[in-house]
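Q: Attaching a single structure in structure tokens format; questions to follow.
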Protein chains: 4
Amino acid sequence: MPKDMAQEKTIYARRESGARSYCRAFPATFTEARGSELFTEDGNRYIDFLAGCSSLNYGHNDPDMKAALIAHISQDGIAHALDFHTDAKEAFLRAFEENILAPRGMDYRVMMTGPTGTNAVEAAIKLARKVTGRRNVIAFTNGFHGMTMGALALTGNASKRGGAGTGSLGDVTHMPFEGAMGDGVDTLQMIESLLDNPSSGIDAPAAFVFEPIQGEGGLNAASDDWMRGIERIARKHGALVIVDDIQAGCGRSGTYFSFETSGIEPDMITQAKSLSGFGLPFAALLIRPELDVWKPAEHNGTFRGNTHAFVTARVAIEKFWKDDAFEKELAAKSVMLTSAFKEVADLIDGAALKGRGLMQGVDVGSGDLAAAICARAYEKGLVIETSGAHDEVVKCLAPLTTPDRLLREGFDILLEATREVLAERSAA
Amino acid sequence: MPKDMAQEKTIYARRESGARSYCRAFPATFTEARGSELFTEDGNRYIDFLAGCSSLNYGHNDPDMKAALIAHISQDGIAHALDFHTDAKEAFLRAFEENILAPRGMDYRVMMTGPTGTNAVEAAIKLARKVTGRRNVIAFTNGFHGMTMGALALTGNASKRGGAGTGSLGDVTHMPFEGAMGDGVDTLQMIESLLDNPSSGIDAPAAFVFEPIQGEGGLNAASDDWMRGIERIARKHGALVIVDDIQAGCGRSGTYFSFETSGIEPDMITQAKSLSGFGLPFAALLIRPELDVWKPAEHNGTFRGNTHAFVTARVAIEKFWKDDAFEKELAAKSVMLTSAFKEVADLIDGAALKGRGLMQGVDVGSGDLAAAICARAYEKGLVIETSGAHDEVVKCLAPLTTPDRLLREGFDILLEATREVLAERSAA
Amino acid sequence: MPKDMAQEKTIYARRESGARSYCRAFPATFTEARGSELFTEDGNRYIDFLAGCSSLNYGHNDPDMKAALIAHISQDGIAHALDFHTDAKEAFLRAFEENILAPRGMDYRVMMTGPTGTNAVEAAIKLARKVTGRRNVIAFTNGFHGMTMGALALTGNASKRGGAGTGSLGDVTHMPFEGAMGDGVDTLQMIESLLDNPSSGIDAPAAFVFEPIQGEGGLNAASDDWMRGIERIARKHGALVIVDDIQAGCGRSGTYFSFETSGIEPDMITQAKSLSGFGLPFAALLIRPELDVWKPAEHNGTFRGNTHAFVTARVAIEKFWKDDAFEKELAAKSVMLTSAFKEVADLIDGAALKGRGLMQGVDVGSGDLAAAICARAYEKGLVIETSGAHDEVVKCLAPLTTPDRLLREGFDILLEATREVLAERSAA
Amino acid sequence: MPKDMAQEKTIYARRESGARSYCRAFPATFTEARGSELFTEDGNRYIDFLAGCSSLNYGHNDPDMKAALIAHISQDGIAHALDFHTDAKEAFLRAFEENILAPRGMDYRVMMTGPTGTNAVEAAIKLARKVTGRRNVIAFTNGFHGMTMGALALTGNASKRGGAGTGSLGDVTHMPFEGAMGDGVDTLQMIESLLDNPSSGIDAPAAFVFEPIQGEGGLNAASDDWMRGIERIARKHGALVIVDDIQAGCGRSGTYFSFETSGIEPDMITQAKSLSGFGLPFAALLIRPELDVWKPAEHNGTFRGNTHAFVTARVAIEKFWKDDAFEKELAAKSVMLTSAFKEVADLIDGAALKGRGLMQGVDVGSGDLAAAICARAYEKGLVIETSGAHDEVVKCLAPLTTPDRLLREGFDILLEATREVLAERSAA
């Protein structure tokens with residue numbers, strides 16, 4: 001082992017918590033990144049089909065955001081000022097209003113929560129309970145909403161839940177997501193039946209919280225009908241609709257919000273990951289104005305409204321969302337992705353396509369096989385990860401801006417990796 | 001009202017959640033900041049005695065950190081890469097090990113939690129419950145630990161707790177902090193007595209969580225004896241000691257960690273606010289290695305280990321903590337602050353000095369008076385805030401690097417504001 | 001209003017809590033009772049198809065139990081002695097062992113809990129959590145298990161749950177009982193699917209708790225297959241099986257325990273209601289010996305093992321369960337009940353038979369109609385009650401010992417009442 | 001070992017749960033009891049200083065209650081009729097109104113809860129939360145309130161709490177009872193200080209629940225001042241006052257209710273144990289009429305209002321409480337008890353008298369010594385038990401009706417037992 005690598009290993013093993021994870025599958029030391037490519041200290045280059053788990057929808061170090069951020073810092077722009085008014089915040093709010101809300105006929109207040117998705121989720125459920133006076137929140141199988149106690153209670157994953165030790169993960173009812181009970185079963189009917197029954201033991205819910213496309217849960221994409229069904233049931237039972245759009249939002253689904261095609265009107269929408277456009281920590285909760293009953297500082301936090309993120313987020317919004325050109329590009333790329341994943345699926349017995357938009361993947365049947373494929377792909381220069389309750393889905397979260405030739409190059413690696421792994425397995 | 005201001009008002013009223021707070025007391029639009037000074041869009045200048053609630057201990061836009069950050073961005077350094085190994089992370093860990101841990105003989109793992117203080121607190125109590133198999137966590141009167149459900153359960157403030165609506169804030173026992181029962185009462189004895197009594201109804205605790213100096217709770221500074229007492233009681237009852245050093249750490253108390261003078265050896269230490277040095281979102285949990293039983297990704301999160309923050313944090317550590325020169329400066333400034341606050345206290349009947357190090361203030365007896373003084377100071381060009389259960393403490397959190405002349409200028413404003421308010425009140 | 005009635009009204013209105021309920025539907029003052037007949041202070045006689053909600057399976061004041069109890073009291077037998085050894089307790093335990101457990105090849109410890117069904121349920125779930133180290137308990141839609149906080153958390157009824165006010169009813173997952181999702185839906189498959197999915201958010205259960213025939217929930221009778229399915233799923237997931245046999249046990253279903261035909265082997269069985277045979281407060285939890293890890297007094301209570309109830313319970317067991325004669329009688333009566341309820345059902349569009357054994361009824365489609373029928377029957381001398389999530393089931397819980405002619409007389413009243421109510425409604 | 005004893009042992013070991021407890025210290029088989037004496041199957045006689053833990057305040061098998069109960073059963077009086085109106089219930093309510101409430105100027109509704117003390121406590125806290133809309137209930141160190149989850153959450157004893165396993169015992173704050181922090185410490189001041197501090201983390205309470213004399217907790221008797229203090233603090237903070245008078249009520253303290261001398265006016269009062277007068281299961285919750293907002297059946301239960309208990313309770317009330325003669329007797333006996341316990345205390349270094357009225361004892365300094373004394377007393381024909389967080393108090397709960405000569409005889413045994421044990425220990 002070269003001396004440098006030994007040292008590097010030493011510092012992480014010695015000083016970073018065992019909770020670290022991605023660096024175990026992708027152990028290189030990364031030093032630079034541009035667009036959809038990552039570069040390591042020893043000169044290697046990787047195509048990035050992970051994109052910070054959808055935090056880099058516009059790629060690494062987008063030149064326009066980069067220029068704006070450097071300009072801001074250079075002129076001693078505000079880096080941190082709690083929730084003071086700043087030119088950067090105002091510009092962000094204006095851009096968001098003009099390019100995101102107004103064209104979609106949406107009327108929401110923006111709550112700058114702590115700059116993590118989990119914090120936006122916590123704010124949402126706190127507000128839902130406060131507004132409705134109810135305690136129970138309905139979340140869904142395979143849902144992922146964060147690691148702080150309130151959001152973790154909503155999260156389905158048993159291993160993640162185990163991290164709470166003996167702590168209570170209460171006040172939540174977990175219901176089956178669309179398709180979770182098998183193909184023939186209408187989960188809306190089940191949910192409605194349970195809520196309609198006054199002796200079901202399911203307390204009247206403050207809110208339903210769901211991801212239109214479950215990112216960590218296996219790229220389960222809810223149909224427009226199902227989303228409308230949840231909205232209808234929620235309205236009928238006096239519950240709020242909270243869409244967690246942290247991973248599927250900011251264009252990942254093909255539209256800015258992932259629920260746009262359904263026509264539902266959520267009461268709250270969580271945003272994080274790609275909201276800053278540049279990978280900077282930033283999260284927000286969109287709230288229908290009449291529900292915004294927060295008292296000043298009732299949910300506060302030091303880093304609400306990361307100012308650097310305001311700068312890059314404004315550029316991202318103005319660059320990509322001022323008209324429908326980007327959406328059209330995404331539609332084309334989405335078709336390409338489906339076709340590419342079909343090639344992978346065709347290699348594997350029983351494999352099934354998952355997801356939609358720029359958030360697609362293939363269920364290869366087992367976590368073991370999915371892990372082997374991703375590991376082989378990494379050896380060949382592609383960063384790609386798994387998802388799902390059993391980590392059985394190979395998932396592409398490439399930047400939305402990835403050029404077609406890089407997408408193609410990435411998929412060629414994925415196909416080759418898949419073929420090699422399958423060949424080795426059938427030989428064994 | 002000028003058109004611009006009207007518009008500005010409009011965008012915040014129209015689009016930002018009512019949860020915003022500081023901007024109500026300090027309504028200017030800030031555009032630039034350097035060191036301990038803030039500048040507004042209409043050319044005004046304010047001295048900053050708030051410093052992002054202790055998130056800007058080294059002042060705004062420190063030139064060395066700024067240069068390093070611009071260099072990093074300019075060369076397409078990693079902005080976001082989940083928890084991948086990066087040159088920036090490695091350099092940070094090395095700097096932290098060599099300049100913070102090693103000189104103090106401390107052996108801790110660094111857990112990169114989500115980049116908010118509340119997330120580090122959540123990670124700490126989850127781990128404490130996981131390690132001990134116990135559920136109850138002991139927190140203290142006037143403690144402030146965050147707004148997510150797990151951390152909020154530890155927080156004392158009734159208004160903040162009310163934000164959870166009907167949600168459960170359980171699994172926590174609140175005990176009196178030092179001095180909370182009045183001067184004559186030994187709260188250690190109370191706590192020990194309750195824990196020693198097998199019929200007290202207080203379940204065996206997983207951990208004690210406390211701030212050595214309660215920042216939001218009114219600058220209550222625990223004595224070294226009290227901290228050692230808590231450590232002793234915790235060890236006796238098999239509980240862990242978690243120090244929440246989010247506001248009082250990074251030099252604010254006069255030493256890097258706020259508990260250093262006590263000699264206690266916490267099992268975990270939370271860090272956030274000034275950890276990045278530049279005001280960027282960043283938080284970490286320090287864990288004694290034998291307690292670091294996290295499985296990979298068991299507490300995960302998208303923005304763990306903000307890479308831009310690694311860059312600035314490394315500079316901050318190397319610039320300010322490579323030897324004891326900065327600590328010596330802080331000792332001198334601390335004396336100056338005490339003297340300056342004494343001048344303020346002398347104006348007010350019954351006023352009392354609070355806090356220690358660079359985290360001092362004066363209890364003026366009522367939240368009403370404290371608010372009036374701070375409002376008047378703001379009119380005169382000083383940003384300063386209150387703290388305490390009744391917001392009765394005028395608190396100085398000026399950058400640790402504030403030049404003496406600016407400190408003096410700030411205090412002159414504070415004195416003048418105090419005199420004016422008192423004069424008006426006695427006239428009324 | 002006669003003077004006596006006015007006074008009577010006065011004392012209850014003035015001094016008894018508004019929580020009283022049955023006396024509102026059946027407002028007479030009852031003074032005597034024999035077998036299946038109740039007598040009032042003004043000389044009226046009612047046939048009792050309620051039997052203390054199945055607490056009087058052997059009728060009122062059975063002469064043999066009565067004689068034994070009077071003898072016991074007359075000779076200054078122990079009335080209360082905590083959980084001391086007494087001749088009465090020993091005789092009860094021997095009778096229970098010889099006549100109930102041994103013939104069925106069952107090996108259980110008898111835990112004398114507080115003398116209410118809810119207390120036995122609380123003991124069961126406490127023990128299940130203690131034994132498994134798990135927290136979550138799975139209960140079922142329309143289940144009824146008691147009013148104390150632990151048992152209430154298991155109970156489905158929203159109105160009953162509302163009695164807890166803001167108190168937490170946590171640590172329980174409510175799943176659909178057999179048939180609860182409609183005829184075509186296999187709820188076992190749903191339950192198994194949710195538990196098999198490691199990302200369902202349903203924490204691994206300590207136990208499943210169910211009533212083989214849901215007494216309060218609408219006489220929903222689980223099939224033997226369904227009970228076996230629950231047992232299989234429980235074993236697969238390391239959970240205990242707790243049968244709540246409080247209302248359906250002691251012969252009510254046609255066999256002593258209501259699950260006997262299924263062949264399942266519960267880990268715990270709750271008994272109360274008719275356990276004393278005489279209507280005296282008495283409850284017990286049967287525990288598989290290897291699970292009986294209680295420390296002495298770990299679940300205690302003043303009235304555990306009501307001694308008077310030991311006396312009558314022993315007589316009941318020896319009189320009715322020493323051979324299979326009584327079971328044969330019950331089989332015949334069960335057929336008669338089905339036939340009688342069919343006559344009622346035939347009068348009503350869409351009516352459906354419910355329940356099995358001596359716990360049958362008819363779903364008349366609405367709580368309104370069911371209440372009207374029961375009210376009319378009461379006017380005619382029959383005490384009979386409703387059940388179900390919407391109180392839509394007219395339910396017969398006549399003593400198991402009711403002579404055929406009294407059953408017939410009661411059903412004649414019920415038929416007449418039904419005809420009259422229907423006629424009036426169609427006329428209206 | 002004689003054959004019979006072996007068999008007897010067999011049946012309990014084989015068939016009764018390990019949760020049984022008193023029979024371990026007092027293993028004889030009891031068959032008869034009269035007044036303050038217990039008789040065993042092998043002809044031995046014991047003086048009863050335990051009285052069913054204060055459930056037999058009027059002694060065993062009081063002849064008047066016995067006669068009334070036999071008469072009721074003989075004429076086929078109602079044994080069980082849910083909460084129907086019965087002559088027995090009406091007579092009980094009238095007697096309670098005329099002899100207990102009216103003379104004391106008290107106006108309460110009687111809620112017939114399930115016939116266990118824990119059920120009355122559960123009803124009380126459910127109602128308090130329902131009425132106030134608050135969740136937190138304040139209970140006290142060394143308090144004992146029952147074993148069902150809601151009441152267990154209020155109970156202090158760690159071993160009892162451990163019986164809940166992983167179940168949540170939440171929504172309760174445990175505060176120090178009078179004297180619990182040592183002689184010099186004013187616990188009222190502590191409690192008030194914590195509640196007055198809006199940042200204490202103690203949520204606004206729905207109610208305070210306390211025992212005026214803590215029966216299981218070591219005979220800690222609250223002073224009138226302390227009870228008034230709790231009432232004052234409760235009123236100030238909008239909380240209800242619930243007195244748990246299950247063990248100390250029904251004359252045990254020297255007056256019918258144990259708080260009478262303080263003049264406080266509780267919002268609710270729990271009664272059980274000696275309420276029936278005869279040791280029969282019976283419990284009730286007294287509720288101020290304006291707080292009785294229960295909907296019909298909102299807290300229900302099969303055995304509410306045990307009819308046999310109505311019969312004996314009426315006799316008890318009319319026999320002992322129609323004038324103040326009994327109270328005067330109790331006053332005299334109380335003096336005698338103090339004097340007798342002083343004799344015991346004088347034998348033991350550091351021993352201290354505990355309790356008041358007919359609920360007195362001596363703290364002998366260790367549970368080990370207390371257990372040895374009680375065991376020796378049992379050998380000599382006296383049933384007496386310990387109490388306290390460490391079981392360090394030898395406690396006399398003899399029937400209130402115990403003749404002076406039997407009290408003397410019992411204390412002579414206790415003194416002799418104490419002397420013998422001390423002599424053996426000093427010899428060892």
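Each chain of the structure tokens is named A, B, ... in the order shown, its residues numbered from 1; ligands are numbered from 1 in display order.
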Pick out each residue of region 165-208 of chain D that DSSP on the backbone tags as strand (DSSP E); I need them as a PyMOL selection string.

A: chain D and resi 172-175+207-208

Q: If you run DSSP on this backbone, which residues of region 170-288 of chain D come out as alpha helix (DSSP H), and could you give them as a PyMOL selection string?

A: chain D and resi 187-196+224-236

Q: Region 12-24 of chain C: which residues within 9 Å, counting only C-alpha atoms, same-chain residues fewer than 2 positions away excluded, as a ChimeraX atom specification?

A: /C:7-10,26-29 /D:82-85,90,93-94,97,107-112,285-287,289,292-300

Q: Could you take the residues named above and write them with N, CA, C and O atoms, as a CSV table (one decimal), in the first residue's frame?

A:
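Output file result.csv follows:
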```csv
chain,number,residue,atom,x,y,z
C,7,GLN,N,-87.5,10.5,42.6
C,7,GLN,CA,-86.4,10.4,43.5
C,7,GLN,C,-85.2,9.6,42.9
C,7,GLN,O,-84.1,9.9,43.0
C,8,GLU,N,-85.6,8.4,42.4
C,8,GLU,CA,-84.6,7.6,41.8
C,8,GLU,C,-83.8,8.3,40.7
C,8,GLU,O,-82.5,8.3,40.7
C,9,LYS,N,-84.5,9.0,39.9
C,9,LYS,CA,-83.8,9.8,38.9
C,9,LYS,C,-82.8,10.8,39.5
C,9,LYS,O,-81.7,11.0,39.1
C,10,THR,N,-83.4,11.4,40.6
C,10,THR,CA,-82.5,12.3,41.3
C,10,THR,C,-81.2,11.8,41.7
C,10,THR,O,-80.2,12.4,41.5
C,26,PHE,N,-81.9,0.9,29.5
C,26,PHE,CA,-82.7,0.0,30.3
C,26,PHE,C,-82.9,0.6,31.6
C,26,PHE,O,-82.3,0.2,32.6
C,27,PRO,N,-83.8,1.6,31.7
C,27,PRO,CA,-83.8,2.5,32.9
C,27,PRO,C,-84.5,1.9,34.2
C,27,PRO,O,-84.6,2.6,35.2
C,28,ALA,N,-85.1,0.7,34.1
C,28,ALA,CA,-85.8,0.2,35.2
C,28,ALA,C,-84.8,-0.1,36.4
C,28,ALA,O,-83.6,-0.1,36.2
C,29,THR,N,-85.4,-0.2,37.6
C,29,THR,CA,-84.5,-0.5,38.7
C,29,THR,C,-84.7,-2.0,39.0
C,29,THR,O,-85.8,-2.5,39.3
D,82,LEU,N,-74.1,-5.0,35.0
D,82,LEU,CA,-73.4,-3.9,34.4
D,82,LEU,C,-73.6,-2.6,35.2
D,82,LEU,O,-73.4,-2.6,36.4
D,83,ASP,N,-74.1,-1.5,34.5
D,83,ASP,CA,-74.3,-0.3,35.3
D,83,ASP,C,-75.8,0.0,35.4
D,83,ASP,O,-76.2,1.1,35.5
D,84,PHE,N,-76.6,-1.1,35.3
D,84,PHE,CA,-78.1,-0.9,35.5
D,84,PHE,C,-78.4,-0.3,36.9
D,84,PHE,O,-77.6,-0.3,37.8
D,85,HIS,N,-79.6,0.4,36.9
D,85,HIS,CA,-80.1,0.8,38.2
D,85,HIS,C,-80.5,-0.4,39.0
D,85,HIS,O,-81.2,-1.3,38.5
D,90,GLU,N,-78.7,2.1,44.4
D,90,GLU,CA,-79.4,3.3,44.9
D,90,GLU,C,-79.1,3.5,46.4
D,90,GLU,O,-78.8,4.6,46.8
D,93,LEU,N,-75.6,4.7,47.0
D,93,LEU,CA,-75.4,6.1,46.6
D,93,LEU,C,-76.1,7.0,47.7
D,93,LEU,O,-75.5,8.1,48.1
D,94,ARG,N,-77.3,6.6,48.1
D,94,ARG,CA,-78.0,7.5,49.2
D,94,ARG,C,-77.1,7.5,50.5
D,94,ARG,O,-77.0,8.5,51.1
D,97,GLU,N,-74.1,9.6,50.0
D,97,GLU,CA,-74.4,11.1,50.0
D,97,GLU,C,-74.8,11.6,51.4
D,97,GLU,O,-74.3,12.6,51.8
D,107,ASP,N,-69.5,18.1,47.4
D,107,ASP,CA,-70.4,17.9,46.3
D,107,ASP,C,-69.6,17.1,45.1
D,107,ASP,O,-68.8,17.8,44.4
D,108,TYR,N,-69.8,15.8,45.0
D,108,TYR,CA,-69.1,15.1,44.0
D,108,TYR,C,-70.0,14.1,43.3
D,108,TYR,O,-71.0,13.6,43.9
D,109,ARG,N,-69.7,13.8,42.1
D,109,ARG,CA,-70.3,12.7,41.4
D,109,ARG,C,-69.5,11.4,41.7
D,109,ARG,O,-68.3,11.5,41.8
D,110,VAL,N,-70.2,10.3,41.7
D,110,VAL,CA,-69.5,9.0,42.0
D,110,VAL,C,-69.4,8.3,40.6
D,110,VAL,O,-70.4,8.0,40.0
D,111,MET,N,-68.2,8.1,40.2
D,111,MET,CA,-68.0,7.3,39.0
D,111,MET,C,-67.6,5.9,39.4
D,111,MET,O,-66.6,5.7,40.0
D,112,MET,N,-68.5,4.9,39.0
D,112,MET,CA,-68.2,3.5,39.2
D,112,MET,C,-67.2,3.0,38.2
D,112,MET,O,-67.6,2.8,37.0
D,285,LEU,N,-64.4,6.7,41.5
D,285,LEU,CA,-63.8,8.0,41.4
D,285,LEU,C,-64.8,9.1,41.7
D,285,LEU,O,-65.8,9.2,41.1
D,286,LEU,N,-64.4,9.9,42.7
D,286,LEU,CA,-65.3,11.1,43.0
D,286,LEU,C,-64.9,12.3,42.1
D,286,LEU,O,-63.7,12.6,42.0
D,287,ILE,N,-65.8,12.9,41.5
D,287,ILE,CA,-65.5,14.0,40.5
D,287,ILE,C,-66.4,15.2,40.9
D,287,ILE,O,-67.6,15.1,41.1
D,289,PRO,N,-68.8,17.9,40.1
D,289,PRO,CA,-69.8,17.8,39.1
D,289,PRO,C,-69.5,18.6,37.8
D,289,PRO,O,-69.7,18.0,36.7
D,292,ASP,N,-67.4,16.5,35.4
D,292,ASP,CA,-67.9,15.2,35.0
D,292,ASP,C,-68.4,15.3,33.5
D,292,ASP,O,-69.6,15.2,33.3
D,293,VAL,N,-67.5,15.4,32.6
D,293,VAL,CA,-67.8,15.6,31.2
D,293,VAL,C,-67.8,14.3,30.4
D,293,VAL,O,-67.8,14.3,29.2
D,294,TRP,N,-67.7,13.2,31.1
D,294,TRP,CA,-67.7,11.9,30.4
D,294,TRP,C,-68.9,11.8,29.6
D,294,TRP,O,-70.1,12.1,30.0
D,295,LYS,N,-68.8,11.2,28.4
D,295,LYS,CA,-69.9,10.8,27.6
D,295,LYS,C,-70.3,9.4,28.1
D,295,LYS,O,-69.4,8.7,28.6
D,296,PRO,N,-71.6,9.0,27.9
D,296,PRO,CA,-72.0,7.7,28.3
D,296,PRO,C,-71.0,6.6,27.8
D,296,PRO,O,-70.7,6.6,26.6
D,297,ALA,N,-70.5,5.8,28.7
D,297,ALA,CA,-69.7,4.6,28.3
D,297,ALA,C,-68.3,5.0,27.8
D,297,ALA,O,-67.5,4.2,27.3
D,298,GLU,N,-67.9,6.3,27.9
D,298,GLU,CA,-66.6,6.7,27.4
D,298,GLU,C,-65.5,6.0,28.2
D,298,GLU,O,-64.4,5.8,27.7
D,299,HIS,N,-65.7,5.8,29.4
D,299,HIS,CA,-64.8,4.9,30.2
D,299,HIS,C,-65.7,3.8,30.8
D,299,HIS,O,-66.4,4.1,31.8
D,300,ASN,N,-65.8,2.7,30.1
D,300,ASN,CA,-66.7,1.7,30.6
D,300,ASN,C,-65.9,0.5,31.2
D,300,ASN,O,-64.8,0.6,31.5
```

Q: Can you list, as a list in words, every protein, DNA or RNA residue that comes within 8 Å of Ala370 (chain A) when you count only C-alpha atoms, leaving out same-chain residues fewer than 4 positions away?

A: Val364, Gly365, Ser366, Cys374, Thr386, Asp391, Glu392, Val393 and Val394 of chain A

Q: Emit the selected residues as a compact mmCIF listing (two decimals), in the first residue's frame, including N, CA and C atoms.

A:
```txt
# COMPACT_ATOMS: atom_id res chain seq x y z
N VAL A 364 -33.26 -5.61 -9.92
CA VAL A 364 -32.56 -6.80 -10.43
C VAL A 364 -32.87 -8.03 -9.61
N GLY A 365 -33.75 -7.91 -8.63
CA GLY A 365 -34.22 -9.10 -7.92
C GLY A 365 -33.57 -9.36 -6.59
N SER A 366 -32.36 -8.86 -6.40
CA SER A 366 -31.70 -9.06 -5.10
C SER A 366 -30.69 -7.96 -4.84
N CYS A 374 -23.08 -2.66 -9.14
CA CYS A 374 -22.60 -1.30 -8.86
C CYS A 374 -21.10 -1.31 -8.55
N THR A 386 -27.53 1.73 -5.27
CA THR A 386 -28.75 0.94 -5.18
C THR A 386 -29.78 1.65 -4.31
N ASP A 391 -32.31 -3.14 -1.13
CA ASP A 391 -31.22 -2.59 -1.96
C ASP A 391 -31.16 -3.30 -3.30
N GLU A 392 -32.32 -3.64 -3.83
CA GLU A 392 -32.39 -4.48 -5.01
C GLU A 392 -32.54 -3.70 -6.31
N VAL A 393 -32.59 -2.38 -6.21
CA VAL A 393 -32.78 -1.56 -7.40
C VAL A 393 -31.50 -0.81 -7.74
N VAL A 394 -31.01 -0.96 -8.97
CA VAL A 394 -29.89 -0.16 -9.45
C VAL A 394 -30.50 1.14 -9.99
```

Q: At most 7 Å is the cut-off: for each residue in chain A with any atom that close to an atom of chain C, write down the nearest atom pair and the distance in Å rounded to one decimal, counting only C-alpha atoms, chain first then increasing number, as JSON lines.

A:
```
{"residue": "A:Thr141", "atom": "CA", "partner": "C:Ser200", "partner_atom": "CA", "distance": 4.1}
{"residue": "A:Asn142", "atom": "CA", "partner": "C:Ser199", "partner_atom": "CA", "distance": 4.8}
{"residue": "A:Thr155", "atom": "CA", "partner": "C:Gly201", "partner_atom": "CA", "distance": 6.3}
{"residue": "A:Gly156", "atom": "CA", "partner": "C:Gly201", "partner_atom": "CA", "distance": 3.6}
{"residue": "A:Asn157", "atom": "CA", "partner": "C:Ser199", "partner_atom": "CA", "distance": 3.9}
{"residue": "A:Ala158", "atom": "CA", "partner": "C:Pro198", "partner_atom": "CA", "distance": 5.5}
{"residue": "A:Gly170", "atom": "CA", "partner": "C:Gly170", "partner_atom": "CA", "distance": 6.4}
{"residue": "A:His174", "atom": "CA", "partner": "C:Gly201", "partner_atom": "CA", "distance": 5.9}
{"residue": "A:Met181", "atom": "CA", "partner": "C:Met190", "partner_atom": "CA", "distance": 6.3}
{"residue": "A:Met190", "atom": "CA", "partner": "C:Met181", "partner_atom": "CA", "distance": 6.3}
{"residue": "A:Ser193", "atom": "CA", "partner": "C:Met181", "partner_atom": "CA", "distance": 6.6}
{"residue": "A:Asn197", "atom": "CA", "partner": "C:Ala389", "partner_atom": "CA", "distance": 6.9}
{"residue": "A:Pro198", "atom": "CA", "partner": "C:Ala158", "partner_atom": "CA", "distance": 5.5}
{"residue": "A:Ser199", "atom": "CA", "partner": "C:Asn157", "partner_atom": "CA", "distance": 3.9}
{"residue": "A:Ser200", "atom": "CA", "partner": "C:Thr141", "partner_atom": "CA", "distance": 4.1}
{"residue": "A:Gly201", "atom": "CA", "partner": "C:Gly156", "partner_atom": "CA", "distance": 3.6}
{"residue": "A:Ile202", "atom": "CA", "partner": "C:His174", "partner_atom": "CA", "distance": 6.7}
{"residue": "A:Ala389", "atom": "CA", "partner": "C:Ser199", "partner_atom": "CA", "distance": 5.3}
```

Q: In Å to one decimal, how far is CA of Asp64 (chain A) from CA of Ala102 (chain A)?

A: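 About the pair CA of Ala102 (chain A) and CA of Asp64 (chain A): they are 23.7 Å apart.
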
Q: Rank C:Ile242, C:Ala123, C:Leu101, C:Ala372 by their smallest atom-to-atom distance to Met149 (chain D), using only C-alpha atoms, and report the top residue only.

A: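 Selected residue with least distance to Met149 (chain D): C:Ala123.
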
Q: Which residues come within 8 Å of region 339-341 of chain B, counting only C-alpha atoms, excluding same-chain residues fewer than 6 positions away, as a list in words?

A: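 Once the adjacent positions are removed, what remains is Leu353, Gln360, Gly361, Val362 and Phe411 of chain B.
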
Q: With only C-alpha atoms as the counted atoms, please give the residues lying no more than 9 Å from region 256-271 of chain A, apart from itself and same-chain residues fewer than 2 positions off, as an NGL selection string.

A: :A and (100 or 104 or 106 or 108 or 117 or 120-121 or 124 or 128 or 211-213 or 223-228 or 231 or 240-254 or 273-275 or 282-288 or 291 or 321 or 327)

Q: What lies within 10 Å of Arg419 (chain B) using only C-alpha atoms, ignoring chain neighbours under 3 positions off, as a list of chain:residue names?

A: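 Once the nearby chain positions are removed, what remains is B:Val344, B:Leu347, B:Ile348, B:Ile373, B:Ile413, B:Leu414, B:Leu415, B:Glu416, B:Leu422, B:Ala423, B:Glu424, B:Arg425.
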